[in-house]
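Visitor: File my_file_22.tsv follows (TSV, C-alpha atoms):
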chain	number	residue	atom	x	y	z
R	1	MET	CA	-23.38	-28.75	8.96
R	2	ASN	CA	-23.76	-27.56	5.36
R	3	ASN	CA	-24.75	-24.10	6.57
R	4	ARG	CA	-21.63	-23.95	8.72
R	5	LYS	CA	-19.44	-24.87	5.77
R	6	ARG	CA	-21.10	-22.20	3.65
R	7	LEU	CA	-20.68	-19.63	6.38
R	8	ALA	CA	-17.04	-20.61	6.90
R	9	GLY	CA	-16.43	-20.45	3.15
R	10	THR	CA	-18.04	-17.03	2.96
R	11	ILE	CA	-15.96	-15.76	5.86
R	12	ILE	CA	-12.76	-17.13	4.32
R	13	ILE	CA	-13.53	-15.49	0.99
R	14	PHE	CA	-14.27	-12.23	2.81
R	15	ILE	CA	-10.97	-12.38	4.73
R	16	ILE	CA	-9.01	-13.19	1.59
R	17	GLY	CA	-10.75	-10.39	-0.29
R	18	CYS	CA	-10.00	-7.89	2.47
R	19	SER	CA	-6.35	-8.96	2.62
R	20	VAL	CA	-5.84	-8.80	-1.12
R	21	GLY	CA	-7.76	-5.52	-1.32
R	22	ALA	CA	-5.69	-3.90	1.42
R	23	ILE	CA	-2.45	-5.02	-0.18
R	24	THR	CA	-3.57	-3.82	-3.60
R	25	VAL	CA	-4.66	-0.41	-2.33
R	26	HIS	CA	-1.38	0.00	-0.45
R	27	TYR	CA	0.62	-0.96	-3.52
R	28	ILE	CA	-1.30	1.30	-5.91
R	29	CYS	CA	-1.24	4.29	-3.55
R	30	THR	CA	2.48	3.91	-2.95
R	31	MET	CA	3.21	3.67	-6.66
R	32	ARG	CA	1.02	6.66	-7.53
R	33	MET	CA	2.50	8.82	-4.79
R	34	ASP	CA	6.02	7.97	-5.96
R	35	GLN	CA	5.10	8.67	-9.59
R	36	MET	CA	3.55	12.01	-8.70
R	37	TRP	CA	6.47	13.00	-6.51
R	38	ARG	CA	9.08	12.02	-9.08
R	39	GLY	CA	7.36	13.84	-11.90
R	40	GLY	CA	5.12	11.11	-13.26
R	41	PRO	CA	1.66	11.95	-14.57
R	42	VAL	CA	1.48	14.94	-12.23
R	43	ASN	CA	4.51	16.33	-10.46
R	44	MET	CA	3.03	16.70	-7.01
R	45	LYS	CA	5.88	18.67	-5.51
R	46	GLU	CA	5.88	21.26	-8.29
R	47	ALA	CA	2.07	21.48	-8.26
R	48	ILE	CA	2.03	22.16	-4.52
R	49	ILE	CA	4.85	24.69	-4.74
R	50	LYS	CA	3.16	26.46	-7.65
R	51	HIS	CA	-0.16	26.59	-5.79
R	52	ILE	CA	1.40	27.94	-2.59
R	53	ALA	CA	3.70	30.32	-4.46
R	54	THR	CA	0.76	31.77	-6.36
R	55	ASP	CA	-1.52	32.08	-3.33
R	56	LEU	CA	1.19	33.63	-1.15
R	57	ASN	CA	3.00	35.52	-3.90
R	58	LEU	CA	6.36	33.94	-2.98
R	59	ASN	CA	9.61	35.25	-4.42
R	60	GLN	CA	12.25	32.99	-6.02
R	61	GLU	CA	14.22	32.54	-2.79
R	62	GLN	CA	11.08	31.51	-0.93
R	63	LYS	CA	10.18	29.05	-3.71
R	64	LYS	CA	13.63	27.45	-3.45
R	65	LYS	CA	13.32	27.12	0.33
R	66	LEU	CA	9.81	25.72	-0.02
R	67	SER	CA	11.13	23.15	-2.48
R	68	LEU	CA	13.75	22.03	0.06
R	69	ILE	CA	11.08	21.82	2.76
R	70	MET	CA	8.89	19.67	0.50
R	71	GLU	CA	11.82	17.38	-0.32
R	72	SER	CA	12.63	16.98	3.38
R	73	MET	CA	8.99	16.16	4.12
R	74	HIS	CA	8.96	13.50	1.41
R	75	LYS	CA	12.12	11.85	2.77
R	76	LYS	CA	10.64	11.74	6.28
R	77	MET	CA	7.40	10.23	4.95
R	78	ARG	CA	9.36	7.51	3.14
R	79	VAL	CA	11.18	6.67	6.39
R	80	ILE	CA	7.86	6.27	8.19
R	81	HIS	CA	6.57	4.09	5.36
R	82	LYS	CA	9.65	1.87	5.52
R	83	GLN	CA	9.31	1.60	9.31
R	84	SER	CA	5.61	0.69	9.32
R	85	PHE	CA	5.54	-1.63	6.31
R	86	PRO	CA	7.19	-4.59	8.09
R	87	GLN	CA	4.39	-4.46	10.67
R	88	ILE	CA	1.78	-4.47	7.91
R	89	LYS	CA	3.51	-7.43	6.29
R	90	ILE	CA	3.47	-9.35	9.59
R	91	ILE	CA	-0.27	-8.71	10.01
R	92	ILE	CA	-0.96	-9.96	6.48
R	93	GLU	CA	1.18	-13.07	6.99
R	94	GLU	CA	-0.57	-13.76	10.29
R	95	ALA	CA	-3.96	-13.52	8.57
R	96	ASP	CA	-2.71	-15.88	5.84
R	97	ASN	CA	-1.52	-18.40	8.45
R	98	ASN	CA	-4.78	-18.17	10.38
R	99	THR	CA	-6.72	-18.66	7.16
R	100	MET	CA	-4.60	-21.70	6.27
R	101	SER	CA	-5.41	-23.26	9.64
R	102	ILE	CA	-9.12	-23.45	8.83
R	103	LEU	CA	-8.83	-24.76	5.26
R	104	SER	CA	-9.04	-28.27	3.89
R	105	VAL	CA	-6.08	-29.72	1.97
R	106	ASP	CA	-7.62	-28.74	-1.40
R	107	GLN	CA	-8.46	-25.26	-0.17
R	108	LYS	CA	-4.94	-24.82	1.19
R	109	GLU	CA	-3.47	-25.62	-2.23
R	110	LYS	CA	-5.74	-23.03	-3.86
R	111	PHE	CA	-5.00	-20.46	-1.18
R	112	GLU	CA	-1.25	-21.01	-1.59
R	113	LYS	CA	-1.69	-20.17	-5.28
R	114	ILE	CA	-3.52	-16.98	-4.34
R	115	ILE	CA	-0.65	-16.02	-2.02
R	116	GLU	CA	1.90	-16.84	-4.73
R	117	GLN	CA	0.04	-14.61	-7.23
R	118	ARG	CA	0.05	-11.80	-4.70
R	119	ARG	CA	3.82	-12.18	-4.28
R	120	LYS	CA	4.40	-12.32	-8.05
R	121	HIS	CA	2.70	-8.96	-8.36
R	122	ASP	CA	5.14	-7.62	-5.78
R	123	PHE	CA	2.47	-6.49	-3.33
R	124	PHE	CA	5.00	-6.90	-0.52
R	125	ASN	CA	7.32	-4.32	-2.02
R	126	GLU	CA	8.59	-2.07	0.75
R	127	ASN	CA	9.58	0.77	-1.57
Turn the structure described in the file into structure tokens.
Guide:
Amino acid sequence: MNNRKRLAGTIIIFIIGCSVGAITVHYICTMRMDQMWRGGPVNMKEAIIKHIATDLNLNQEQKKKLSLIMESMHKKMRVIHKQSFPQIKIIIEEADNNTMSILSVDQKEKFEKIIEQRRKHDFFNEN
């Protein structure tokens, strides 16, 4: 019986860790991509355009058109992100509910605090 409790506890911790890790990675990647695209630490759009323009010896008109193409691509990628994120959120909430169903009352209280911390850090941000 004790071994089963330990195994169940280990599995729960693993599931929670995976959930929190996935949410954190998603959040960080989204934020970094937005920062790079908007001219944060590295302006991704300009870096890509500069690289392609140099390699292909593009003229000014081609650079302008490439910039518009890159902007269009970014907008389309954001649409896909906004479309898929609700599904990701549902999967995470389902995992949380399934986890809650196997916890004791004390464990449920602790797990609810973990979920609340995750929400405070805005890991469910769709932007």
Visitor: For Arg32 (chain R), which of R:Phe111, R:Gln62, R:Met44, R:Lys120 is the closest residue, counting only C-alpha atoms?
Guide: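 Using only C-alpha atoms, Arg32 (chain R) sits closest to R:Met44.
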Visitor: Can I get the residues of region 1-108 of chain R within 9 Å of region 112-117 of chain R, each with the closest pair of atoms and their distance in Å to one decimal, using only C-alpha atoms, sorted chain first then ascending number, as a tab-separated table?
Guide:
residue	atom	partner	partner_atom	distance
R:Ile16	CA	R:Ile114	CA	8.9
R:Val20	CA	R:Ile115	CA	8.9
R:Asp96	CA	R:Ile115	CA	8.1
R:Met100	CA	R:Glu112	CA	8.6
R:Gln107	CA	R:Glu112	CA	8.5
R:Lys108	CA	R:Glu112	CA	6.0
Visitor: Would you save the residues from that selection as a PDB file, in the coordinates of the input, using C-alpha atoms?
Guide:
ATOM      1  CA  ILE R  16      -9.010 -13.190   1.590  1.00  0.00           C
ATOM      2  CA  VAL R  20      -5.840  -8.800  -1.120  1.00  0.00           C
ATOM      3  CA  ASP R  96      -2.710 -15.880   5.840  1.00  0.00           C
ATOM      4  CA  MET R 100      -4.600 -21.700   6.270  1.00  0.00           C
ATOM      5  CA  GLN R 107      -8.460 -25.260  -0.170  1.00  0.00           C
ATOM      6  CA  LYS R 108      -4.940 -24.820   1.190  1.00  0.00           C
TER       7      LYS R 108
END
Visitor: Pick out the residues sitting within 9 Å of Ile49 (chain R), and hand them over as a PyMOL selection string; count all atoms listed in the file, and ignore anything fewer than 3 positions along from it in its own chain.
Guide: chain R and resi 44-46+52-54+63+66-67+70
Visitor: Rank nothing, just name the residue among R:Ile92, R:Ala47, R:Leu103, R:Ile12 nearest to Arg118 (chain R), using all atoms listed in the file.
Guide: R:Ile92
Visitor: Work out how far CA of Ala8 (chain R) is from CA of Ile102 (chain R), in Å to one decimal.
Guide: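 Interatomic distance, CA of Ile102 (chain R) to CA of Ala8 (chain R): 8.6 Å.
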Visitor: Would you mind telling me which residue in R:Lys65, R:Ile91, R:Lys50, R:Ile23 lies nearest to Arg119 (chain R) when using all atoms listed in the file?
Guide: R:Ile23
Visitor: Given all atoms listed in the file as the basis, pick out the residue of R:Cys29, R:Leu58, R:Ala22, R:Ile48 nearest to His81 (chain R).
Guide: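 For His81 (chain R), the nearest of the given residues is R:Cys29.
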